[in-house]
$ cat target.cif   # mmCIF, C-alpha atoms
data_upload
loop_
_atom_site.label_atom_id
_atom_site.label_comp_id
_atom_site.auth_asym_id
_atom_site.auth_seq_id
_atom_site.Cartn_x
_atom_site.Cartn_y
_atom_site.Cartn_z
CA MET A 590 -129.15 22.24 174.29
CA ILE A 591 -132.78 21.38 173.97
CA PRO A 592 -133.31 17.97 172.33
CA GLY A 593 -135.13 18.43 169.04
CA GLY A 594 -134.89 22.19 169.37
CA GLY A 595 -132.89 22.56 166.19
CA GLN A 596 -129.78 23.75 168.00
CA PRO A 597 -126.52 22.65 166.37
CA ASN A 598 -124.22 20.33 168.25
CA MET A 599 -121.25 22.62 168.96
CA GLN A 600 -118.82 19.73 169.40
CA GLN A 601 -119.83 18.36 165.99
CA LEU A 602 -119.50 21.81 164.40
CA LEU A 603 -116.03 22.25 165.88
CA GLN A 604 -114.97 18.82 164.62
CA GLN A 605 -116.26 19.64 161.12
CA ALA A 606 -114.45 22.98 161.12
CA GLN A 607 -111.22 21.33 162.30
CA LYS A 608 -111.47 18.66 159.58
CA MET A 609 -112.08 21.29 156.90
CA GLN A 610 -109.07 23.24 158.17
CA GLN A 611 -106.91 20.10 158.01
CA ASP A 612 -108.22 19.27 154.51
CA LEU A 613 -107.44 22.82 153.35
CA ALA A 614 -103.89 22.68 154.75
CA SER A 615 -103.34 19.30 153.11
CA ALA A 616 -104.60 20.57 149.75
CA GLN A 617 -102.35 23.65 150.00
CA GLU A 618 -99.32 21.46 150.73
CA GLU A 619 -100.16 19.27 147.74
CA LEU A 620 -100.44 22.36 145.52
CA ALA A 621 -97.02 23.57 146.67
CA ARG A 622 -95.50 20.22 145.63
CA THR A 623 -97.34 19.78 142.33
CA GLU A 624 -95.77 21.26 139.21
CA VAL A 625 -97.66 22.38 136.10
CA GLU A 626 -96.32 23.61 132.77
CA GLY A 627 -97.22 26.33 130.35
CA GLN A 628 -95.73 26.93 126.93
CA ALA A 629 -95.62 29.49 124.14
CA GLY A 630 -94.40 29.67 120.58
CA GLY A 631 -95.38 26.09 119.86
CA GLY A 632 -93.21 24.85 122.71
CA LEU A 633 -90.20 27.10 122.06
CA VAL A 634 -90.53 28.44 125.59
CA LYS A 635 -91.78 26.34 128.50
CA ALA A 636 -92.37 27.51 132.05
CA THR A 637 -92.94 25.25 135.04
CA VAL A 638 -94.68 26.56 138.15
CA THR A 639 -95.96 24.95 141.31
CA GLY A 640 -99.67 24.66 141.89
CA SER A 641 -99.33 27.66 144.19
CA GLY A 642 -97.79 29.74 141.36
CA GLU A 643 -94.06 29.65 142.20
CA LEU A 644 -91.89 29.67 139.06
CA ARG A 645 -89.63 26.61 139.19
CA ALA A 646 -88.14 26.29 135.70
CA LEU A 647 -87.90 28.05 132.37
CA VAL A 648 -86.73 26.24 129.24
CA ILE A 649 -85.92 28.21 126.08
CA ASP A 650 -85.31 26.38 122.82
CA PRO A 651 -82.22 27.83 121.07
CA LYS A 652 -84.38 28.38 117.97
CA ALA A 653 -86.27 31.04 119.94
CA VAL A 654 -83.13 33.09 120.50
CA ASP A 655 -82.59 35.80 117.90
CA PRO A 656 -80.09 38.48 119.05
CA GLU A 657 -81.80 40.91 116.67
CA ASP A 658 -85.23 40.30 118.21
CA THR A 659 -85.07 39.89 121.97
CA GLU A 660 -88.51 41.47 122.29
CA THR A 661 -90.22 38.42 120.78
CA LEU A 662 -88.30 36.15 123.13
CA ALA A 663 -89.40 38.25 126.10
CA ASP A 664 -93.01 38.05 124.89
CA LEU A 665 -92.73 34.26 124.61
CA VAL A 666 -91.34 34.01 128.15
CA VAL A 667 -94.15 36.15 129.53
CA ALA A 668 -96.75 34.12 127.60
CA ALA A 669 -95.32 30.79 128.83
CA VAL A 670 -95.27 31.94 132.46
CA HIS A 671 -98.80 33.30 132.08
CA ALA A 672 -100.00 29.97 130.63
CA ALA A 673 -98.33 28.05 133.46
CA ASN A 674 -99.97 30.30 136.05
CA GLU A 675 -103.37 29.79 134.40
CA ASN A 676 -102.81 26.04 134.69
CA ALA A 677 -101.82 26.51 138.35
CA GLN A 678 -105.01 28.49 139.00
CA ALA A 679 -107.09 25.74 137.39
CA LEU A 680 -105.37 23.21 139.65
CA GLN A 681 -106.04 25.42 142.68
CA GLN A 682 -109.72 25.62 141.76
CA GLN A 683 -109.86 21.86 141.33
CA LYS A 684 -108.18 21.17 144.69
CA LEU A 685 -109.51 24.03 146.81
CA GLY A 686 -112.88 24.75 145.21
CA PRO A 687 -114.81 22.01 147.00
CA LEU A 688 -113.21 23.01 150.31
CA ALA A 689 -114.07 26.69 149.83
CA GLN A 690 -117.69 25.80 149.06
CA GLY A 691 -117.83 23.90 152.32
CA LEU A 692 -116.61 26.92 154.25
CA GLY A 693 -119.26 29.40 153.14
CA GLY A 694 -121.93 27.80 151.03
CA GLY A 695 -124.05 26.29 153.76
CA GLY A 696 -121.57 23.46 154.22
CA ILE A 697 -121.92 23.52 158.00
CA PRO A 698 -125.44 22.58 159.07
CA GLY A 699 -127.01 25.00 161.48
CA LEU A 700 -125.02 28.05 160.46
CA PRO A 701 -126.75 30.88 158.59
CA PHE A 702 -124.19 31.21 155.78
#

$ encode --input "target.cif" --output "structure tokens"
Amino acid sequence: MIPGGGQPNMQQLLQQAQKMQQDLASAQEELARTEVEGQAGGGLVKATVTGSGELRALVIDPKAVDPEDTETLADLVVAAVHAANENAQALQQQKLGPLAQGLGGGGIPGLPF
């Protein structure tokens, strides 16, 4: 490397990349452990998913159960799971967004991307 020649320090770049990889793995583990909830029907149906989107629990209030209208119950379940997944995606963006920006948005000095 030529001193002052603008060449990146490869050792420093490798260390930065390794740290970002460790930070990403840590954030992904935290997402897998964190649970978020979504609900529908004013709380008649509640779904709990992990931050990575795995369905963990589904709670259905007995008032939501009408043997003559299972279609509405199914719609409420789908809506609650959808809401929980939206909350999980928001959590993913919050936890992983800054790391993703560092990977491609000029976060490593000396690289052209």

$ atom_distance --input "target.cif" --atom1 "CA of Lys635 (chain A)" --atom2 "CA of Ile649 (chain A)"
6.6 Å

$ atom_distance --input "target.cif" --atom1 "CA of Leu647 (chain A)" --atom2 "CA of Gln683 (chain A)"
24.5 Å

$ resolve_selection --input "target.cif" --expression "the PyMOL selection byres ((chain A and resi 671) around 12)" --output "ChimeraX atom specification"
/A:625-629,634-638,642-644,664-670,672-678

$ resolve_selection --input "target.cif" --expression "the PyMOL selection byres ((chain A and resi 611-618) around 8)" --output "CSV table (one decimal) with C-alpha atoms, in the coordinates of the input"
chain,number,residue,atom,x,y,z
A,607,GLN,CA,-111.2,21.3,162.3
A,608,LYS,CA,-111.5,18.7,159.6
A,609,MET,CA,-112.1,21.3,156.9
A,610,GLN,CA,-109.1,23.2,158.2
A,619,GLU,CA,-100.2,19.3,147.7
A,620,LEU,CA,-100.4,22.4,145.5
A,621,ALA,CA,-97.0,23.6,146.7
A,622,ARG,CA,-95.5,20.2,145.6
A,641,SER,CA,-99.3,27.7,144.2
A,684,LYS,CA,-108.2,21.2,144.7
A,685,LEU,CA,-109.5,24.0,146.8
A,688,LEU,CA,-113.2,23.0,150.3

$ residues_near_point --input "target.cif" --point "(-85.9, 35.8, 121.5)" --cutoff "10 Å" --atoms "all atoms listed in the file" --output "ChimeraX atom specification"
/A:633-634,649-666

$ closest_residue --input "target.cif" --among "A:Leu680, A:Leu603, A:Gly640, A:Asn598" --to "Thr623 (chain A)" --atoms "all atoms listed in the file"
A:Gly640

$ atom_distance --input "target.cif" --atom1 "CA of Gln682 (chain A)" --atom2 "CA of Gln601 (chain A)"
27.2 Å
